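**Q** Please find one structure pasted underneath; my questions will follow.
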Amino acid sequence: MVKVIASSLRKGNVVDIDDKLYVVLTAENIHPGKGTPVTQLDMRRISDGVKISERYRTTEQVERAFVEDRPHTFLYEDSDGYTFMNPENFDQVTVSKEVMGDLAVYLQEGMECMLSTHNGNPIAIELPARVTLEIVDTEPTVKGQTASSSYKPAVLSNGVRTMVPPHVAAGTRVVIMTADASYVERAKD
């Protein structure tokens, strides 16, 4: 554990408060006109996902947990969770469904992900920003429709719904942002 001043914490840092690990969601330094400056932290408890909000004086010490970020390759999903392999030493790690969260629908076999571990336990995962998926269902293209910003609903091969431009038909492979399931472009493969 390393003690750091509260004002140095940023989004994604992991802190230890009362022997519980929290990941920082937002960190804001507030300097009121009168009084001491404070740091407002919105955090999520890693063990059960409870969100809390804390205020510290900017010079107060907070314990920052040591987190290791390593690339891992997704292998398979089973009843225990999602199994990843470290490409350096071939160790396998199982990530629980709670840690994986909503991102699980974007996992593809062989996908490179960034896995954060604390004392060997997986606590967070970061998927690639973009994934390539196939459109399985969408409305047919209407002739004479202008190339304006009118998007139509579509269902992707992983079951996620998104909005695509009118020229995209079912069976087309498209690039999707994992953060918000938004359409980027047609796949170039």
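Residue names in the structure tokens use chain letters A, B, ... in the order shown, residue numbers from 1 in each chain, and ligand numbers from 1 in the order shown.
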So that I can check the secondary structure, give me every residue of chain A assigned strand (DSSP E) by backbone DSSP, as a VMD selection string.
**A** chain A and resid 2 to 5 14 to 17 20 to 30 38 to 45 51 to 57 61 to 64 68 to 78 81 to 85 92 to 95 112 to 118 121 to 126 130 to 138 152 to 156 161 to 164 173 to 177 183 to 186
**Q** At a cut-off of 8 Å, using only C-alpha atoms, what residues contact Thr132 (chain A)? Leave out same-chain residues fewer than 3 positions from it and give the result as a PyMOL selection string.
**A** chain A and resi 173-176+187
**Q** Okay, now the selection with N, CA, C and O atoms, as a PDB file, in the first residue's frame?
**A**
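Generated file (out08.pdb):
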ATOM      1  N   ARG A 173     -20.873  -7.042 -41.867  1.00  0.00           N
ATOM      2  CA  ARG A 173     -20.028  -6.967 -40.665  1.00  0.00           C
ATOM      3  C   ARG A 173     -19.706  -5.492 -40.422  1.00  0.00           C
ATOM      4  O   ARG A 173     -19.287  -4.781 -41.324  1.00  0.00           O
ATOM      5  N   VAL A 174     -19.929  -5.061 -39.156  1.00  0.00           N
ATOM      6  CA  VAL A 174     -19.726  -3.655 -38.806  1.00  0.00           C
ATOM      7  C   VAL A 174     -18.832  -3.535 -37.570  1.00  0.00           C
ATOM      8  O   VAL A 174     -18.716  -4.470 -36.788  1.00  0.00           O
ATOM      9  N   VAL A 175     -18.205  -2.367 -37.421  1.00  0.00           N
ATOM     10  CA  VAL A 175     -17.373  -2.078 -36.257  1.00  0.00           C
ATOM     11  C   VAL A 175     -18.230  -1.306 -35.256  1.00  0.00           C
ATOM     12  O   VAL A 175     -18.887  -0.333 -35.607  1.00  0.00           O
ATOM     13  N   ILE A 176     -18.223  -1.777 -33.989  1.00  0.00           N
ATOM     14  CA  ILE A 176     -19.063  -1.211 -32.924  1.00  0.00           C
ATOM     15  C   ILE A 176     -18.179  -0.776 -31.755  1.00  0.00           C
ATOM     16  O   ILE A 176     -17.228  -1.468 -31.406  1.00  0.00           O
ATOM     17  N   ALA A 187     -17.062  -3.033 -41.495  1.00  0.00           N
ATOM     18  CA  ALA A 187     -15.775  -3.723 -41.300  1.00  0.00           C
ATOM     19  C   ALA A 187     -15.046  -3.808 -42.625  1.00  0.00           C
ATOM     20  O   ALA A 187     -15.659  -4.008 -43.685  1.00  0.00           O
TER      21      ALA A 187
END
**Q** Which residue gives the smallest distance to Glu60 (chain A) among A:Met177, A:Ile5, A:Met43, A:Val14, with only C-alpha atoms counted?
**A**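 Residue with the minimum atom-to-atom distance to Glu60 (chain A): A:Ile5.
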**Q** Applying 6 Å and only C-alpha atoms, which residues near region 15-21 of chain A remain after dropping the ones on its own chain fewer than 3 positions away? List them as a PyMOL selection string.
**A** chain A and resi 45-46+63-65
**Q** Store the residues picked out above, limited to all heavy atoms, as an mmCIF file, in the first residue's frame.
**A**
data_model
loop_
_atom_site.group_PDB
_atom_site.id
_atom_site.type_symbol
_atom_site.label_atom_id
_atom_site.label_comp_id
_atom_site.auth_asym_id
_atom_site.auth_seq_id
_atom_site.Cartn_x
_atom_site.Cartn_y
_atom_site.Cartn_z
ATOM 1 N N ARG A 45 -17.267 0.139 -4.699
ATOM 2 C CA ARG A 45 -16.621 -0.927 -3.946
ATOM 3 C C ARG A 45 -16.490 -2.129 -4.865
ATOM 4 O O ARG A 45 -17.467 -2.585 -5.456
ATOM 5 C CB ARG A 45 -17.433 -1.285 -2.702
ATOM 6 C CG ARG A 45 -16.646 -2.157 -1.735
ATOM 7 C CD ARG A 45 -17.378 -2.459 -0.445
ATOM 8 N NE ARG A 45 -18.056 -1.314 0.109
ATOM 9 C CZ ARG A 45 -19.253 -1.376 0.701
ATOM 10 N NH1 ARG A 45 -19.888 -2.513 0.815
ATOM 11 N NH2 ARG A 45 -19.812 -0.305 1.191
ATOM 12 N N ILE A 46 -15.290 -2.659 -4.988
ATOM 13 C CA ILE A 46 -15.027 -3.744 -5.921
ATOM 14 C C ILE A 46 -15.717 -5.033 -5.495
ATOM 15 O O ILE A 46 -16.246 -5.763 -6.324
ATOM 16 C CB ILE A 46 -13.500 -3.938 -6.086
ATOM 17 C CG1 ILE A 46 -12.943 -2.738 -6.850
ATOM 18 C CG2 ILE A 46 -13.169 -5.232 -6.790
ATOM 19 C CD1 ILE A 46 -11.455 -2.635 -6.874
ATOM 20 N N GLU A 63 -4.871 5.708 1.131
ATOM 21 C CA GLU A 63 -4.072 4.537 0.763
ATOM 22 C C GLU A 63 -4.443 4.055 -0.625
ATOM 23 O O GLU A 63 -5.589 3.702 -0.884
ATOM 24 C CB GLU A 63 -4.273 3.400 1.782
ATOM 25 C CG GLU A 63 -3.537 3.647 3.065
ATOM 26 C CD GLU A 63 -3.354 2.373 3.882
ATOM 27 O OE1 GLU A 63 -3.326 1.280 3.303
ATOM 28 O OE2 GLU A 63 -3.241 2.516 5.096
ATOM 29 N N ARG A 64 -3.464 4.062 -1.515
ATOM 30 C CA ARG A 64 -3.689 3.606 -2.885
ATOM 31 C C ARG A 64 -3.214 2.160 -2.993
ATOM 32 O O ARG A 64 -2.107 1.834 -2.593
ATOM 33 C CB ARG A 64 -2.912 4.499 -3.850
ATOM 34 C CG ARG A 64 -3.221 4.193 -5.278
ATOM 35 C CD ARG A 64 -2.706 5.261 -6.192
ATOM 36 N NE ARG A 64 -2.739 4.723 -7.542
ATOM 37 C CZ ARG A 64 -2.108 5.243 -8.539
ATOM 38 N NH1 ARG A 64 -1.392 6.316 -8.380
ATOM 39 N NH2 ARG A 64 -2.174 4.695 -9.729
ATOM 40 N N ALA A 65 -4.061 1.306 -3.510
ATOM 41 C CA ALA A 65 -3.736 -0.119 -3.625
ATOM 42 C C ALA A 65 -2.893 -0.357 -4.870
ATOM 43 O O ALA A 65 -3.043 0.334 -5.880
ATOM 44 C CB ALA A 65 -5.017 -0.939 -3.702
#
**Q** Kindly assemble as JSON lines a list of the region 24-79 of chain A residues that lie within 8 Å of region 86-104 of chain A, each paired with its nearest atom pair and their distance in Å to one decimal, using only C-alpha atoms, sorted first by chain and then by ascending residue number.
**A**
{"residue": "A:Ile46", "atom": "CA", "partner": "A:Val99", "partner_atom": "CA", "distance": 8.0}
{"residue": "A:Arg70", "atom": "CA", "partner": "A:Asn86", "partner_atom": "CA", "distance": 7.7}
{"residue": "A:Pro71", "atom": "CA", "partner": "A:Asn86", "partner_atom": "CA", "distance": 6.7}
{"residue": "A:His72", "atom": "CA", "partner": "A:Asn86", "partner_atom": "CA", "distance": 4.7}
{"residue": "A:Thr73", "atom": "CA", "partner": "A:Asn86", "partner_atom": "CA", "distance": 6.5}
